[in-house]
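One structure is given here, and the rest of the page talks about it.
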Amino acid sequence: MEHITLLLAIVVVTALVFDFTNGFHDTANAMATTISTGALKPKTAVAMSAVLNLVGAFLSVEVAKTISGGIINEEGIRTEVIFAALVGAILWNLLTWLLGLPSSSSHALFGGLIGAAVMSAGWSAVNGSTIVTKVLIPAVAAPIVAGLAAMAATKLTYKIKADPEAKATAKGYRAGQIASAGLVSLAHGTNDAQKTMGIITLALVTQGVVAPGSNPPLWVIVSAGIAIALGTYLGGWRIIRTMGKGLTDLQPQQGFAAQTSAATVILASSHLGFSLSTTQSCSGAVMGAGLGRKGGVVRWSTATRMFVAWGLTLPAAGLVGAAAEFLTKQGTWGIAVTAALLIGGSAVIWALSRRQPVDHHNVTADDLDGDDSGTPGVVTTAIAAVTPPPAGSVAAVADDGLKATIHAPAPGDPAAPPAPAAAV
């Protein structure tokens, strides 16, 4: 019994660590566009988001119930399975954070849970219909719906206001953007904090602490809300940079349209118990807002990397979760080795991130095609190389298809030819 109690404590702590990584991984969902348009200063934005994430954790438990009793069959699932699932989810979260990719923390958790459950008890341990209806379908539909809504809202905004560049208009949209960012943060706390609540509740069910189908205990709700709020305040600056400036260049009215659309989709899904990815919803909304403005563009190279990460999240986290479960099945030494690998892998990823740090000082830098340290990339360098020099300093002369550069002396230079005499 003492071993079981210790194992349950380890699982609860690991779940809260995942919740913490979920917080800083998904800060970009609410605050990336707000920061990139200058509506809020970076540290103010993440502090506001952290508080609202905490409040949102208390608004609903429908998603938590979906995870604790819907995705996998509770009967016969050991506590070690949940630990293995969390290992897969945490490592994938940290890897995509290192790469600055806004992948889904939710799908990382689902993938780890599915992989560990299948390794433990076979495919019968997974509720396929629930996965399809409440995970896979929302995963495809949410970014599309949010993107189309944001595109339509952006187009409507620019049609209503003939001069959207006016300072007064921009100021109004910035205020609206702050309000909509707060709504996204509230929605994120409502949806994502519940996932950790569901995992901890599932662990309690496996140990017989609570009955199957029970709502999360109050201490679970409070601890999950605090963990995700702390992670949010830390700020996932790498992903904020990608979402705010790497996908498209947003003006205040676009940011307002994107965040309002994403918040609506997330809150509606939370009410229905759909455990969708807030990251995918917000990313889809940002791209839709980018395409909704005339002349707006989406950086499809960044979007493609993001789509690939989305597609790999479930299977990659599932494979890691399955491997971790294979180790934990070996007994106490397997659990210890799994914990050591989790700590060691996390430390390595953190060390790699320090080589090119991104924080609130350089999160809005414009060197998007370079690395995260501020060094210009290939495209930036190429553009600088072909930028025309100041007028009057260089003249280009064509001769037989060849170009020669001739220095044109400024007036008053000793080498300058005498000025022509004025006509009388």
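Chain labels A, B, ... are given in the sequence in which chains occur in the structure tokens; within each chain residues are numbered consecutively from 1, and ligands are likewise numbered from 1 in the order shown.
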| request: Find the residues around A:Gly23 up to 7 Å (only C-alpha atoms counted), leave out those fewer than 4 positions away in its own chain, and share them as a list in words. | output: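 Here the answer would be Asp19, Thr27, Ile228, Ala229, Gly231 and Thr232 of chain A.
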Serialized selection, all heavy atoms, as a compact mmCIF listing (two decimals), in the first residue's frame:
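Now in out13.txt:
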```txt
# COMPACT_ATOMS: atom_id res chain seq x y z
N ASP A 19 0.80 19.91 -16.80
CA ASP A 19 -0.08 21.07 -16.80
C ASP A 19 0.73 22.36 -16.89
O ASP A 19 0.35 23.31 -17.60
CB ASP A 19 -0.92 21.07 -15.52
CG ASP A 19 -2.22 21.84 -15.67
OD1 ASP A 19 -2.70 21.96 -16.81
OD2 ASP A 19 -2.76 22.29 -14.65
N THR A 27 0.64 29.64 -24.04
CA THR A 27 0.46 31.07 -23.79
C THR A 27 0.24 31.82 -25.09
O THR A 27 -0.52 32.80 -25.16
CB THR A 27 1.69 31.66 -23.08
OG1 THR A 27 1.98 30.87 -21.93
CG2 THR A 27 1.45 33.10 -22.66
N ILE A 228 -1.31 25.45 -14.35
CA ILE A 228 -1.38 26.00 -15.71
C ILE A 228 -1.19 27.51 -15.69
O ILE A 228 -0.62 28.09 -16.63
CB ILE A 228 -2.71 25.60 -16.38
CG1 ILE A 228 -2.57 25.73 -17.91
CG2 ILE A 228 -3.88 26.42 -15.88
CD1 ILE A 228 -3.73 25.12 -18.67
N ALA A 229 -1.63 28.16 -14.61
CA ALA A 229 -1.44 29.62 -14.50
C ALA A 229 0.04 29.96 -14.35
O ALA A 229 0.54 30.90 -14.97
CB ALA A 229 -2.24 30.16 -13.32
N GLY A 231 2.60 28.16 -15.39
CA GLY A 231 3.24 27.91 -16.68
C GLY A 231 2.95 29.02 -17.68
O GLY A 231 3.83 29.43 -18.45
N THR A 232 1.72 29.52 -17.66
CA THR A 232 1.35 30.62 -18.56
C THR A 232 2.16 31.87 -18.26
O THR A 232 2.61 32.58 -19.16
CB THR A 232 -0.15 30.92 -18.42
OG1 THR A 232 -0.90 29.74 -18.74
CG2 THR A 232 -0.57 32.04 -19.36
```
| field | Polymer residues at most 10 Å from A:Gly182, only C-alpha atoms, same-chain spacing of 3 or more positions, as number ranges by chain | value | A: 30-31, 45, 48-53, 176-179, 185-188, 259-260, 263
Residues as selected, all heavy atoms, written as a CSV table (one decimal), in the first residue's frame, can you do that?
```
chain,number,residue,atom,x,y,z
A,30,ALA,N,-3.4,32.8,-26.6
A,30,ALA,CA,-4.1,34.0,-26.2
A,30,ALA,C,-3.4,35.3,-26.5
A,30,ALA,O,-4.0,36.3,-26.8
A,30,ALA,CB,-4.5,33.9,-24.7
A,31,MET,N,-2.1,35.3,-26.3
A,31,MET,CA,-1.4,36.6,-26.2
A,31,MET,C,-0.4,36.8,-27.4
A,31,MET,O,0.2,37.9,-27.4
A,31,MET,CB,-0.6,36.6,-24.9
A,31,MET,CG,-1.5,36.7,-23.7
A,31,MET,SD,-2.6,38.2,-23.8
A,31,MET,CE,-3.8,37.9,-22.5
A,45,ALA,N,1.0,41.0,-20.7
A,45,ALA,CA,0.1,40.1,-21.4
A,45,ALA,C,0.1,38.7,-20.7
A,45,ALA,O,-1.0,38.1,-20.5
A,45,ALA,CB,0.5,40.0,-22.9
A,48,MET,N,-1.7,38.7,-17.3
A,48,MET,CA,-3.1,38.7,-17.5
A,48,MET,C,-3.6,37.4,-17.9
A,48,MET,O,-4.7,36.9,-17.4
A,48,MET,CB,-3.5,39.8,-18.5
A,48,MET,CG,-4.9,39.8,-19.0
A,48,MET,SD,-5.2,41.0,-20.3
A,48,MET,CE,-6.8,40.4,-20.9
A,49,SER,N,-3.0,36.7,-18.8
A,49,SER,CA,-3.4,35.4,-19.3
A,49,SER,C,-3.3,34.4,-18.2
A,49,SER,O,-4.2,33.5,-18.1
A,49,SER,CB,-2.5,35.0,-20.5
A,49,SER,OG,-2.9,33.7,-21.0
A,50,ALA,N,-2.3,34.5,-17.3
A,50,ALA,CA,-2.2,33.5,-16.2
A,50,ALA,C,-3.3,33.6,-15.2
A,50,ALA,O,-3.9,32.6,-14.8
A,50,ALA,CB,-0.8,33.8,-15.5
A,51,VAL,N,-3.7,34.8,-14.9
A,51,VAL,CA,-4.8,35.0,-14.0
A,51,VAL,C,-6.1,34.4,-14.5
A,51,VAL,O,-6.9,33.7,-13.9
A,51,VAL,CB,-5.0,36.5,-13.6
A,51,VAL,CG1,-6.3,36.7,-12.8
A,51,VAL,CG2,-3.8,37.0,-12.8
A,52,LEU,N,-6.4,34.7,-15.8
A,52,LEU,CA,-7.6,34.3,-16.5
A,52,LEU,C,-7.6,32.8,-16.7
A,52,LEU,O,-8.7,32.1,-16.7
A,52,LEU,CB,-7.9,35.0,-17.7
A,52,LEU,CG,-8.2,36.5,-17.5
A,52,LEU,CD1,-8.2,37.3,-18.8
A,52,LEU,CD2,-9.5,36.6,-16.8
A,53,ASN,N,-6.4,32.2,-16.9
A,53,ASN,CA,-6.3,30.7,-17.0
A,53,ASN,C,-6.8,30.1,-15.7
A,53,ASN,O,-7.5,29.0,-15.7
A,53,ASN,CB,-4.9,30.3,-17.3
A,53,ASN,CG,-4.7,30.1,-18.8
A,53,ASN,OD1,-5.1,29.0,-19.4
A,53,ASN,ND2,-4.1,31.0,-19.5
A,176,GLY,N,-10.2,46.3,-27.9
A,176,GLY,CA,-11.0,45.1,-28.2
A,176,GLY,C,-10.2,43.8,-28.2
A,176,GLY,O,-10.6,42.8,-27.8
A,177,GLN,N,-8.9,44.0,-28.7
A,177,GLN,CA,-8.0,42.9,-28.8
A,177,GLN,C,-7.6,42.4,-27.4
A,177,GLN,O,-7.5,41.2,-27.1
A,177,GLN,CB,-6.8,43.2,-29.6
A,177,GLN,CG,-6.0,42.1,-30.0
A,177,GLN,CD,-4.8,42.5,-30.9
A,177,GLN,OE1,-4.6,43.7,-31.2
A,177,GLN,NE2,-3.9,41.6,-31.3
A,178,ILE,N,-7.4,43.3,-26.5
A,178,ILE,CA,-7.1,43.0,-25.1
A,178,ILE,C,-8.3,42.2,-24.5
A,178,ILE,O,-8.1,41.2,-23.8
A,178,ILE,CB,-6.8,44.2,-24.3
A,178,ILE,CG1,-5.5,44.9,-24.8
A,178,ILE,CG2,-6.7,43.9,-22.8
A,178,ILE,CD1,-5.2,46.2,-24.1
A,179,ALA,N,-9.5,42.7,-24.7
A,179,ALA,CA,-10.7,42.0,-24.2
A,179,ALA,C,-10.8,40.6,-24.8
A,179,ALA,O,-11.1,39.6,-24.1
A,179,ALA,CB,-11.9,42.8,-24.5
A,185,SER,N,-7.9,33.5,-23.0
A,185,SER,CA,-7.2,32.9,-21.9
A,185,SER,C,-8.2,32.2,-20.9
A,185,SER,O,-8.0,31.1,-20.4
A,185,SER,CB,-6.6,34.1,-21.1
A,185,SER,OG,-5.5,34.6,-21.8
A,186,LEU,N,-9.4,32.8,-20.8
A,186,LEU,CA,-10.4,32.2,-20.0
A,186,LEU,C,-10.9,30.9,-20.6
A,186,LEU,O,-11.0,29.9,-19.9
A,186,LEU,CB,-11.6,33.1,-19.9
A,186,LEU,CG,-12.7,32.9,-18.8
A,186,LEU,CD1,-12.1,33.1,-17.4
A,186,LEU,CD2,-13.9,33.8,-19.0
A,187,ALA,N,-11.0,30.9,-21.9
A,187,ALA,CA,-11.4,29.6,-22.6
A,187,ALA,C,-10.3,28.6,-22.5
A,187,ALA,O,-10.6,27.4,-22.3
A,187,ALA,CB,-11.7,29.9,-24.1
A,188,HIS,N,-9.1,29.0,-22.6
A,188,HIS,CA,-8.0,28.0,-22.5
A,188,HIS,C,-7.9,27.4,-21.1
A,188,HIS,O,-7.8,26.2,-21.0
A,188,HIS,CB,-6.7,28.7,-22.7
A,188,HIS,CG,-5.5,27.8,-22.7
A,188,HIS,ND1,-4.7,27.7,-21.6
A,188,HIS,CD2,-5.0,27.0,-23.6
A,188,HIS,CE1,-3.7,26.8,-21.8
A,188,HIS,NE2,-3.9,26.4,-23.1
A,259,GLN,N,-8.7,36.5,-32.4
A,259,GLN,CA,-8.9,36.0,-31.0
A,259,GLN,C,-10.4,35.8,-30.7
A,259,GLN,O,-10.7,34.9,-29.9
A,259,GLN,CB,-8.3,37.0,-30.1
A,259,GLN,CG,-6.8,37.0,-30.1
A,259,GLN,CD,-6.1,38.1,-29.3
A,259,GLN,OE1,-6.6,39.2,-29.3
A,259,GLN,NE2,-5.0,37.7,-28.7
A,260,THR,N,-11.3,36.7,-31.2
A,260,THR,CA,-12.7,36.5,-30.9
A,260,THR,C,-13.2,35.2,-31.5
A,260,THR,O,-14.0,34.5,-30.9
A,260,THR,CB,-13.5,37.7,-31.5
A,260,THR,OG1,-13.0,38.9,-30.9
A,260,THR,CG2,-14.9,37.6,-31.1
A,263,ALA,N,-11.8,32.2,-29.5
A,263,ALA,CA,-12.5,32.1,-28.2
A,263,ALA,C,-13.9,31.5,-28.3
A,263,ALA,O,-14.3,30.7,-27.5
A,263,ALA,CB,-12.5,33.4,-27.5
```
| message | What's around A:Ser283 at 8 Å? Count only C-alpha atoms, leave out sequence neighbours fewer than 2 positions away in its own chain, and write the answer as a PyMOL selection string. | response | chain A and resi 29+102+143+147+243+279-281+285-287
Those same residues, written as a compact mmCIF listing (two decimals), in the first residue's frame with all heavy atoms?
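Printed below is out_35.txt as written:
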```txt
# COMPACT_ATOMS: atom_id res chain seq x y z
N ASN A 29 -1.43 31.06 -27.59
CA ASN A 29 -2.80 31.01 -28.10
C ASN A 29 -3.56 32.29 -27.80
O ASN A 29 -4.31 32.80 -28.63
CB ASN A 29 -3.55 29.83 -27.47
CG ASN A 29 -2.95 28.50 -27.86
OD1 ASN A 29 -2.19 28.42 -28.81
ND2 ASN A 29 -3.28 27.47 -27.12
N PRO A 102 3.79 25.66 -32.60
CA PRO A 102 2.57 25.62 -31.80
C PRO A 102 1.77 24.34 -32.02
O PRO A 102 0.72 24.33 -32.63
CB PRO A 102 1.80 26.85 -32.29
CG PRO A 102 2.27 27.05 -33.68
CD PRO A 102 3.70 26.60 -33.73
N PRO A 143 -9.72 24.15 -36.37
CA PRO A 143 -8.93 25.19 -37.05
C PRO A 143 -9.59 25.71 -38.32
O PRO A 143 -9.45 26.89 -38.66
CB PRO A 143 -7.60 24.49 -37.35
CG PRO A 143 -7.90 23.03 -37.30
CD PRO A 143 -9.00 22.87 -36.30
N GLY A 147 -10.65 29.48 -38.57
CA GLY A 147 -10.01 30.22 -39.66
C GLY A 147 -11.01 30.92 -40.56
O GLY A 147 -10.85 32.09 -40.92
N MET A 243 3.66 32.36 -33.47
CA MET A 243 2.24 32.67 -33.67
C MET A 243 2.01 34.14 -33.97
O MET A 243 1.15 34.49 -34.79
CB MET A 243 1.47 32.29 -32.40
CG MET A 243 1.27 30.80 -32.21
SD MET A 243 -0.16 30.18 -33.10
CE MET A 243 -1.47 30.78 -32.04
N THR A 279 -4.59 25.22 -29.40
CA THR A 279 -3.50 25.67 -30.27
C THR A 279 -3.93 25.66 -31.72
O THR A 279 -3.71 26.63 -32.47
CB THR A 279 -2.27 24.77 -30.09
OG1 THR A 279 -1.83 24.84 -28.74
CG2 THR A 279 -1.14 25.19 -31.03
N GLN A 280 -4.55 24.59 -32.16
CA GLN A 280 -4.98 24.49 -33.54
C GLN A 280 -6.08 25.51 -33.85
O GLN A 280 -6.11 26.10 -34.93
CB GLN A 280 -5.44 23.07 -33.84
CG GLN A 280 -4.32 22.05 -33.81
CD GLN A 280 -4.78 20.65 -34.13
OE1 GLN A 280 -5.95 20.43 -34.46
NE2 GLN A 280 -3.90 19.68 -34.02
N SER A 281 -6.97 25.72 -32.90
CA SER A 281 -8.04 26.70 -33.10
C SER A 281 -7.46 28.10 -33.28
O SER A 281 -7.84 28.84 -34.19
CB SER A 281 -9.01 26.68 -31.92
OG SER A 281 -9.59 25.41 -31.76
N ALA A 285 -7.27 30.50 -36.64
CA ALA A 285 -7.83 31.85 -36.62
C ALA A 285 -6.82 32.89 -37.07
O ALA A 285 -7.15 33.83 -37.79
CB ALA A 285 -8.35 32.17 -35.22
N VAL A 286 -5.57 32.74 -36.65
CA VAL A 286 -4.52 33.69 -37.06
C VAL A 286 -4.32 33.64 -38.57
O VAL A 286 -4.22 34.68 -39.24
CB VAL A 286 -3.21 33.38 -36.32
CG1 VAL A 286 -2.04 34.14 -36.94
CG2 VAL A 286 -3.32 33.74 -34.84
N MET A 287 -4.27 32.44 -39.14
CA MET A 287 -4.10 32.33 -40.59
C MET A 287 -5.31 32.89 -41.33
O MET A 287 -5.17 33.58 -42.35
CB MET A 287 -3.86 30.87 -40.98
CG MET A 287 -2.48 30.36 -40.61
SD MET A 287 -2.13 28.72 -41.25
CE MET A 287 -3.09 27.72 -40.12
```
| task | Could you tell me how far atom CA of A:Phe58 lies from atom CA of A:Gly189, in Å and to one decimal? | result |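 So the two atoms, atom CA of A:Phe58 and atom CA of A:Gly189, lie 8.2 Å apart.
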| request: Compare A:Ala289, A:Leu59, A:Val13, A:Leu276 by their minimum atom-to-atom distance to A:Thr190, counting only C-alpha atoms, and give me the closest one. | output: A:Leu59
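Using only C-alpha atoms for every distance, the candidate list A:Ile35, A:Val11, A:Leu291, A:Leu319 yields A:Leu319 as the residue closest to A:Gly115.
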| task | Go through A:Leu95, A:Ile71, A:Val205, A:Leu218 one by one, measure the shortest atom-to-atom distance of each to A:Val132 using only C-alpha atoms, and give the residue with the smallest value. | result | A:Ile71
| request: Would you please give, as a count of residues only, all residues of stretch 153-256 of chain A that DSSP assigns to alpha helix (DSSP H) based on the backbone? | output: 75
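For the pair atom CA of A:Ile240 and atom CA of A:Ala227, the separation is 19.3 Å.
One distance worth recording is that between atom CA of A:Leu16 and atom CA of A:Thr79, which is 15.3 Å.
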| field | Residue with smallest distance to A:Ala153 - pool A:Pro357, A:Gly290, A:Pro315, A:Gly112, counting only C-alpha atoms | value |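 Using only C-alpha atoms, A:Ala153 sits closest to A:Gly290.
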